[in-house]
Structure formats: C-alpha cells, structure tokens
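**Q** Below is one structure. I have some questions about it.
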Amino acid sequence: METLAIEGPTPLRGEIEVAGAKNSVSKLLTASMLTAEPCRFFNVPAIGDMEITKRICQALGAHCTEGVAKQLDVQTPRISVAAVPESLAVKNRLSVMMLAPLLHRHGRAVVPAAGGDRIGPRPVDFHLEGYRRMGARVETLDDVYYLESDGLKGADIALPYPSVTATENLLMAATLARGRTFIRNAAIEPEVVDLALFLQKMGAIIDYQADRTFIVEGVSTLGGATHDVMPDRLVAASLGAAAIASHGDLFVRGARQSDMLTFLNALRRIGGGFEVQSDGIRFYRDGALRSIAVETTVHPGFMTDWQPPFALLLTQADGMSVVHETVFEDRFVYVHELQKMGADIEIYDTCLGGQTCRFAASGHRHSAVIRGPVTLKGAEIDIPDLRAGFTYLIAAILASGRSVIRGVEELDRGYEQIDESLRALGAQIERIDA
Ligand code: EPU
C-alpha cells in the first residue's frame with residue numbers, strides 16, 4: 001500500500017497547471033473506438049485511471065501511441081473481442097462505457113460489473129434500460145452483463161435521474177443507431193457536452209435543448225477526429241480549496257471560470273478569495289471565512305466531487321455550515337477520518353438546509369453540519385475514495401503535526417504526481433514505505 005507522510009501546517013503558494021479531466025478523457029477514448037480511423041488527443045493526463053482505460057481499450061483492439069507533450073493517438077482497426085477482461089473491469093467504472101463500440105462493431109458485449117469509488121451502490125440500470133430500448137438483448141448473470149444486437153435503433157429514452165455516464169453511454173450508442181434518439185432528463189455536465197463536441201467532429205449529429213434533452217440523428221459511419229481534453233474542473237476546485245484553507249495563494253493555470261461558476265459563487269459567499277485571469281484562476285485567503293448552506297446537485301449546480309474539499313474548507317469557516325449531498329448516498333464516508341483530526345462534523349440521514357431529496361427516507365447519512373473554525377491535528381488515515389483522498393491531503397497540510405495517509409494509489413488514479421506537485425507548492429510531503 002502506497003503511503004504519504006505529511007508535516008503541517010504549511011500554506012500552499014505558487015503556480016500549478018491543471019491536467020486534462022479524468023472524467024472526460026476516458027469517455028473520449030471509448031468514443032474513438034466507434035471508428036476504425038485514427039483519433040488524436042492532446043492534454044492527456046498522466047494518471048492511473050488513464051492507464052486502466054488504455055488497457056481496457058487495448059484489450060478490445062485499440063492501438064494507442066503516446067506522443068510528446070501529452071499527446072495520445074488511438075486507432076481501432078477492428079474489434080474482435082466481445083469481453084472486457086474482469087481483471088481490468090474491477091479497477092474503474094469505464095468498462096460499461098465500452099458497450100457502444102462493442103455492440104456497433106462486434107454485435108456482442110460481455111462486461112463485468114464496474115468497480116470505482118466506494119461512494120454508494122452505483123448501479124448501471126439506466127444504461128442497460130437505455131440499450132434495451134434501443135433494441136439490444138440484455139441479460140445479467142453473476143454480475144456480468146451480456147448484450148447482443150443486430151443493429152441498434154433510435155429510441156425515446158427518459159432517464160429517471162440525469163446520470164453523467166448513462167447520458168454519455170447512450171449518446172455514443174445513439175450516434176450510429178438507425179433513426180433518431182431522444183435522451184430526456186439527460187446530464188449536461190461540461191464533460192458530457194465536451195463528449196458531444198468530439199462525437200460531432202467524428203461525424204455525429206447531436207442537438208441538445210434547454211430542457212435537458214439530447215436529440216441524436218443516427219449516421220451510418222463515424223470518422224477520425226482530433227480533440228483537446230478539457231481541464232479537470234474537479235482538480236482545479238480541489239487545489240483552490242487547498243490554497244484558501246491553508247492560508248496560501250495559488251495560481252491554477254488552465255482552470256476555467258465557465259466550468260466552475262457555482263463553485264466560485266460558493267467561494268465568494270464564504271469569503272474565499274479568487275481572481276479570474278485569462279489563462280487560469282488565482283485562489284487565495286482573504287480574511288476570515290464565513291459559514292454557508294450548500295447543496296450538491298447535477299450541473300449547473302454545485303457538483304458532488306467538489307463536496308469533500310469544500311466541506312474541509314468549511315471546517316475553517318466561522319460558525320455552523322450545512323452540506324446536503326443529493327447525488328451519491330454515501331459521500332460522507334470520509335468524515336470519520338476528519339473527525340479524528342479534530343473536525344467538528346456531524347452527519348445526518350435527514351435533508352438539511354435545502355430541499356427534500358431522493359435520499360430523504362433512505363436512512364443514508366447524506367447531510368452534514370460543520371462547525372468551525374477548528375485547528376486540525378495530524379493523524380493516521382486510510383483513503384476511502386479519490387476525492388476524499390485529496391481532501392485528507394489538504395487536511396494534513398492544514399493540520400499541526402505529522403499525518404500518515406495510506407492507500408495513495410487511489411489518489412494516483414485521478415491526480416498527476418500529486419506529492420511532487422504539492423511539494424513544489426510548499427507542502428512537506430514524502431512517500432514512505434508503510
Ligand atoms: N444512477 C442510477 N442508475 C444508473 C446510473 C446512475 O441509479 O444507471 C444514480 C447513481 O447511483 C447516483 C446518480 O444516479 O445516485 C448519479 O450518478 P451518475 O451516473 O451521474 O454518476 P457516474 O456517472 O457514475 C460520474 C463521475 C463521478 C461524478 C458523477 C457525478 C465518471 C467516471 N464518474 O459518475 O466522478 O461524481 O458523475 O458528477 O465520470 C470522481 O471523479 O471521483 C467521480 C466519482
């Protein structure tokens with residue numbers, strides 16, 4: 001198990017470039033497999049999830065060639081294997097995204113149930129129901145999905161909830177389906193829209209309406225395309241929260257205001273300093289922080305991945321804050337470790353501070369009350385999921401004394417050279433043998 005030792009407190013200062021988005025590049029790579037022609041990507045992040053995704057694509061027939069300066073070429077002349085290897089499927093949630101290239105180019109797909117973060121049950125029923133409606137035969141046996149199709153056809157699909165990956169999956173499937181597909185109540189996260197832009201470059205016809213409906217007119221083939229991976233707005237926000245919480249001053253090169261409107265609004269409300277510049281955003285501490293009530297939701301709302309670093313920031317704010325998580329039922333699993341460090345956070349199974357959500361009577365503890373400001377102290381911590389892991393790093397940088405953080409491979413999935421980067425910004429951090 002990879003382990004980091006951190007000595008705090010230290011402010012984070014300087015400049016850091018945000019990498020390409022994990023949750024975008026993996027879908028772009030999958031989409032590239034809808035064509036036999038070459039695709040080229042720039043700004044590809046050097047993160048663990050990217051390696052897993054590449055290996056899944058390669059196992060199905062993709063040829064990946066890395067170029068200089070974060071360039072990646074992908075070409076899939078043929079898909080001759082129907083099954084995503086189980087050893088790779090358990091590592092992230094991408095295997096289910098392989099359904100579109102597998103069905104369109106092979107007619108069969110065998111996909112083991114997905115792995116990924118431990119933040120809730122994370123079912124894929126919306127994905128499978130969408131494929132059923134497009135005419136695929138779908139069976140599930142021993143946690144493996146078996147799908148077959150003689151050619152998908154357009155359908156009218158209403159998602160029960162605007163799921164990001166279900167929308168992306170069905171968008172890919174619809175591009176090459178016969179006829180027109182409506183995806184209603186779709187997710188419109190910037191990563192989803194960016195995937196639609198890439199598919200359009202490949203030859204797809206995709207419209208979307210203000211009421212969250214994508215309308216896709218199926219075409220007979222797609223071709224190669226070139227695309228810049230968008231900057232990771234989750235990493236940008238995590239770094240921003242780290243700078244403010246640590247009394248630092250950080251310029252996050254590549255952070256885009258348009259992708260972070262709600263996060264920046266929340267920062268402004270609590271008195272966190274930021275300055276939008278043409279090529280990035282500067283985050284800095286600007287006096288005492290104020291408490292707030294915030295609710296996570298689908299785009300354009302406050303995104304769930306921003307929640308853990310923001311909640312940590314709220315431990316440094318004056319008074320009582322409330323955070324209501326409405327996207328994933330178990331996204332407060334990280335709180336226990338922060339309590340060990342001295343954070344005053346209580347979690348509740350009721351909907352606090354906002355509207356009643358889907359989890360109201362579920363018994364899931366999805367609301368948090370945070371009282372601050374508190375001085376955190378170093379502790380020994382295990383990482384439960386990716387975003388929580390980064391939050392622990394920030395907490396350890398703020399805390400006085402030594403912290404030991406175990407399970408860093410989880411962090412490497414989504415953050416580029418995280419220890420080197422934070423060290424360059426002033427953190428006292430080293431990898432140790434546990
Ligand atoms: N849901 C279902 N059935 C489905 C699909 C989703 O019930 O078939 C539910 C989920 O259980 C959840 C809600 O719908 O309660 C929303 O889930 P969604 O499908 O939108 O999440 P996801 O697509 O699995 C992606 C990101 C997450 C990010 C969420 C929300 C990827 C690979 N993952 O997950 O990112 O938190 O959207 O924006 O794109 C991360 O990067 O650390 C991460 C967890």
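To be explicit about the labels: the chains of the structure tokens are called A, B, and onward in the order shown, and within each one the residues are counted from 1, while ligands get numbers from 1 in the order they are shown.
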Residues of chain A within 9 Å of ligand 1: nearest atom pair and distance (Å, one decimal) for each, counting only C-alpha atoms and all ligand atoms, sorted by chain and number, as a tab-separated table?
**A**
residue	atom	partner	partner_atom_place_in_ligand_line	distance
A:Ala21	CA	ligand 1	41 (O)	8.9
A:Lys22	CA	ligand 1	41 (O)	6.9
A:Asn23	CA	ligand 1	39 (O)	4.3
A:Ser24	CA	ligand 1	39 (O)	7.0
A:Ser26	CA	ligand 1	32 (C)	7.6
A:Lys27	CA	ligand 1	39 (O)	8.0
A:Asn92	CA	ligand 1	32 (C)	7.7
A:Arg93	CA	ligand 1	32 (C)	5.8
A:Leu94	CA	ligand 1	32 (C)	6.5
A:Gly116	CA	ligand 1	44 (C)	7.6
A:Asp117	CA	ligand 1	44 (C)	6.1
A:Arg118	CA	ligand 1	44 (C)	8.7
A:Ile119	CA	ligand 1	44 (C)	7.5
A:Gly120	CA	ligand 1	11 (O)	6.5
A:Pro121	CA	ligand 1	11 (O)	6.0
A:Arg122	CA	ligand 1	11 (O)	4.0
A:Pro123	CA	ligand 1	3 (N)	4.6
A:Val124	CA	ligand 1	8 (O)	3.2
A:Asp125	CA	ligand 1	8 (O)	4.0
A:Phe126	CA	ligand 1	8 (O)	3.6
A:His127	CA	ligand 1	8 (O)	5.1
A:Leu128	CA	ligand 1	8 (O)	7.3
A:Glu129	CA	ligand 1	8 (O)	8.3
A:Leu159	CA	ligand 1	8 (O)	8.7
A:Pro160	CA	ligand 1	7 (O)	7.9
A:Tyr161	CA	ligand 1	14 (O)	5.8
A:Pro162	CA	ligand 1	20 (O)	6.3
A:Ser163	CA	ligand 1	20 (O)	3.3
A:Val164	CA	ligand 1	20 (O)	3.8
A:Thr165	CA	ligand 1	23 (O)	3.6
A:Ala166	CA	ligand 1	5 (C)	5.8
A:Thr167	CA	ligand 1	19 (O)	8.0
A:Glu168	CA	ligand 1	23 (O)	8.3
A:Ala187	CA	ligand 1	20 (O)	7.2
A:Glu189	CA	ligand 1	38 (O)	7.3
A:Glu191	CA	ligand 1	39 (O)	8.1
A:Val192	CA	ligand 1	39 (O)	8.9
A:Leu234	CA	ligand 1	41 (O)	7.6
A:Thr297	CA	ligand 1	38 (O)	8.3
A:Val298	CA	ligand 1	38 (O)	6.7
A:His299	CA	ligand 1	38 (O)	7.8
A:Met303	CA	ligand 1	38 (O)	6.2
A:Thr304	CA	ligand 1	36 (O)	5.6
A:Asp305	CA	ligand 1	36 (O)	5.1
A:Trp306	CA	ligand 1	36 (O)	8.8
A:Thr326	CA	ligand 1	15 (O)	7.8
A:Val327	CA	ligand 1	15 (O)	4.9
A:Phe328	CA	ligand 1	15 (O)	4.4
A:Glu329	CA	ligand 1	15 (O)	6.5
A:Arg358	CA	ligand 1	15 (O)	8.8
A:Asp385	CA	ligand 1	42 (O)	7.3
A:Leu386	CA	ligand 1	42 (O)	5.4
A:Arg387	CA	ligand 1	42 (O)	5.5
A:Ala388	CA	ligand 1	42 (O)	8.6
A:Gly414	CA	ligand 1	41 (O)	7.3
**Q** Using only C-alpha atoms, which protein or nucleic acid residues come within 12 Å of Leu88 (chain A)? Drop anything in the same chain fewer than 3 positions from it, and give the result as a count of residues only.
**A** 26
**Q** Determine which residues of region 51-289 of chain A receive a DSSP assignment of strand (DSSP E), computed from the backbone, and state them as a PyMOL selection string.
**A** chain A and resi 63-66+72-75+108-112+137-141+144-148+156-158+180-184+205-208+214-217+226-228+249-253+273-277+280-284+289
**Q** Can you pull out every residue within 6 Å of Pro9 (chain A), counting only C-alpha atoms, but drop anything in the same chain fewer than 6 positions away, and send it as a ChimeraX atom specification?
**A** /A:397-400
**Q** For the residues in that selection, give me all heavy atoms as a PDB file, in the first residue's frame.
**A**
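Below you can see again_32.pdb, which holds the result:
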ATOM      1  N   ILE A 397      -2.158  18.972   5.329  1.00  0.00           N
ATOM      2  CA  ILE A 397      -1.321  20.162   5.096  1.00  0.00           C
ATOM      3  C   ILE A 397      -1.719  21.282   6.063  1.00  0.00           C
ATOM      4  O   ILE A 397      -0.881  22.047   6.533  1.00  0.00           O
ATOM      5  CB  ILE A 397      -1.450  20.601   3.611  1.00  0.00           C
ATOM      6  CG1 ILE A 397      -0.709  19.590   2.723  1.00  0.00           C
ATOM      7  CG2 ILE A 397      -0.914  22.004   3.391  1.00  0.00           C
ATOM      8  CD1 ILE A 397      -1.006  19.716   1.240  1.00  0.00           C
ATOM      9  N   LEU A 398      -3.017  21.354   6.410  1.00  0.00           N
ATOM     10  CA  LEU A 398      -3.508  22.370   7.365  1.00  0.00           C
ATOM     11  C   LEU A 398      -3.194  22.005   8.806  1.00  0.00           C
ATOM     12  O   LEU A 398      -3.083  22.871   9.669  1.00  0.00           O
ATOM     13  CB  LEU A 398      -5.038  22.437   7.365  1.00  0.00           C
ATOM     14  CG  LEU A 398      -5.832  22.729   6.138  1.00  0.00           C
ATOM     15  CD1 LEU A 398      -7.284  22.933   6.525  1.00  0.00           C
ATOM     16  CD2 LEU A 398      -5.276  23.961   5.531  1.00  0.00           C
ATOM     17  N   ALA A 399      -3.137  20.689   9.062  1.00  0.00           N
ATOM     18  CA  ALA A 399      -3.098  20.220  10.447  1.00  0.00           C
ATOM     19  C   ALA A 399      -1.723  20.446  11.064  1.00  0.00           C
ATOM     20  O   ALA A 399      -0.709  20.421  10.364  1.00  0.00           O
ATOM     21  CB  ALA A 399      -3.428  18.733  10.483  1.00  0.00           C
ATOM     22  N   SER A 400      -1.701  20.608  12.372  1.00  0.00           N
ATOM     23  CA  SER A 400      -0.392  20.728  13.001  1.00  0.00           C
ATOM     24  C   SER A 400       0.108  19.327  13.329  1.00  0.00           C
ATOM     25  O   SER A 400      -0.649  18.457  13.786  1.00  0.00           O
ATOM     26  CB  SER A 400      -0.468  21.603  14.251  1.00  0.00           C
ATOM     27  OG  SER A 400      -1.536  21.201  15.030  1.00  0.00           O
TER      28      SER A 400
END
**Q** Do you know which residues are at most 7 Å from Arg413 (chain A) counting only C-alpha atoms, after dropping those on the same chain fewer than 4 positions away, and could you put them as a list in words?
**A**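 Result of the neighbour search: Ile47, Gly48, Asp49 and Glu409 of chain A.
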**Q** Mind writing the picked residues with N, CA and C atoms as an mmCIF file, in the first residue's frame?
**A**
data_model
loop_
_atom_site.group_PDB
_atom_site.id
_atom_site.type_symbol
_atom_site.label_atom_id
_atom_site.label_comp_id
_atom_site.auth_asym_id
_atom_site.auth_seq_id
_atom_site.Cartn_x
_atom_site.Cartn_y
_atom_site.Cartn_z
ATOM 1 N N ILE A 47 -2.407 9.940 -15.408
ATOM 2 C CA ILE A 47 -2.999 9.478 -14.150
ATOM 3 C C ILE A 47 -3.311 7.986 -14.249
ATOM 4 N N GLY A 48 -3.482 7.360 -13.098
ATOM 5 C CA GLY A 48 -3.706 5.917 -13.047
ATOM 6 C C GLY A 48 -4.936 5.476 -13.829
ATOM 7 N N ASP A 49 -6.019 6.239 -13.724
ATOM 8 C CA ASP A 49 -7.256 5.858 -14.409
ATOM 9 C C ASP A 49 -7.070 5.817 -15.924
ATOM 10 N N GLU A 409 -2.504 4.960 -3.830
ATOM 11 C CA GLU A 409 -2.730 4.535 -5.217
ATOM 12 C C GLU A 409 -4.124 4.990 -5.694
#
**Q** So how many Å separate CA of Ala177 (chain A) and CA of Leu197 (chain A), to one decimal?
**A**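 Computing the Euclidean distance for CA of Ala177 (chain A) and CA of Leu197 (chain A) yields 17.9 Å.
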**Q** Report the distance between CA of Phe359 (chain A) and CA of Gln307 (chain A) in Å, rounded to one decimal place.
**A** 16.7 Å
**Q** In region 196-351 of chain A, what's helix (DSSP H, G or I) per DSSP? Answer as a PyMOL selection string?
**A** chain A and resi 196-202+233-245+257-259+261-270+304-314+335-340
**Q** Compare A:Ile429, A:Val193, A:Ala245, A:Ala236 by their minimum atom-to-atom distance to Gln257 (chain A), counting only C-alpha atoms, and give me the closest one.
**A**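 Smallest distance to Gln257 (chain A) is found for A:Ala236.
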**Q** For each of A:Phe310, A:Val216, A:Ile188, A:Ile405, take the minimum atom-to-atom distance to Asp259 (chain A), counting only C-alpha atoms, then give the residue where this is smallest.
**A** A:Ile188
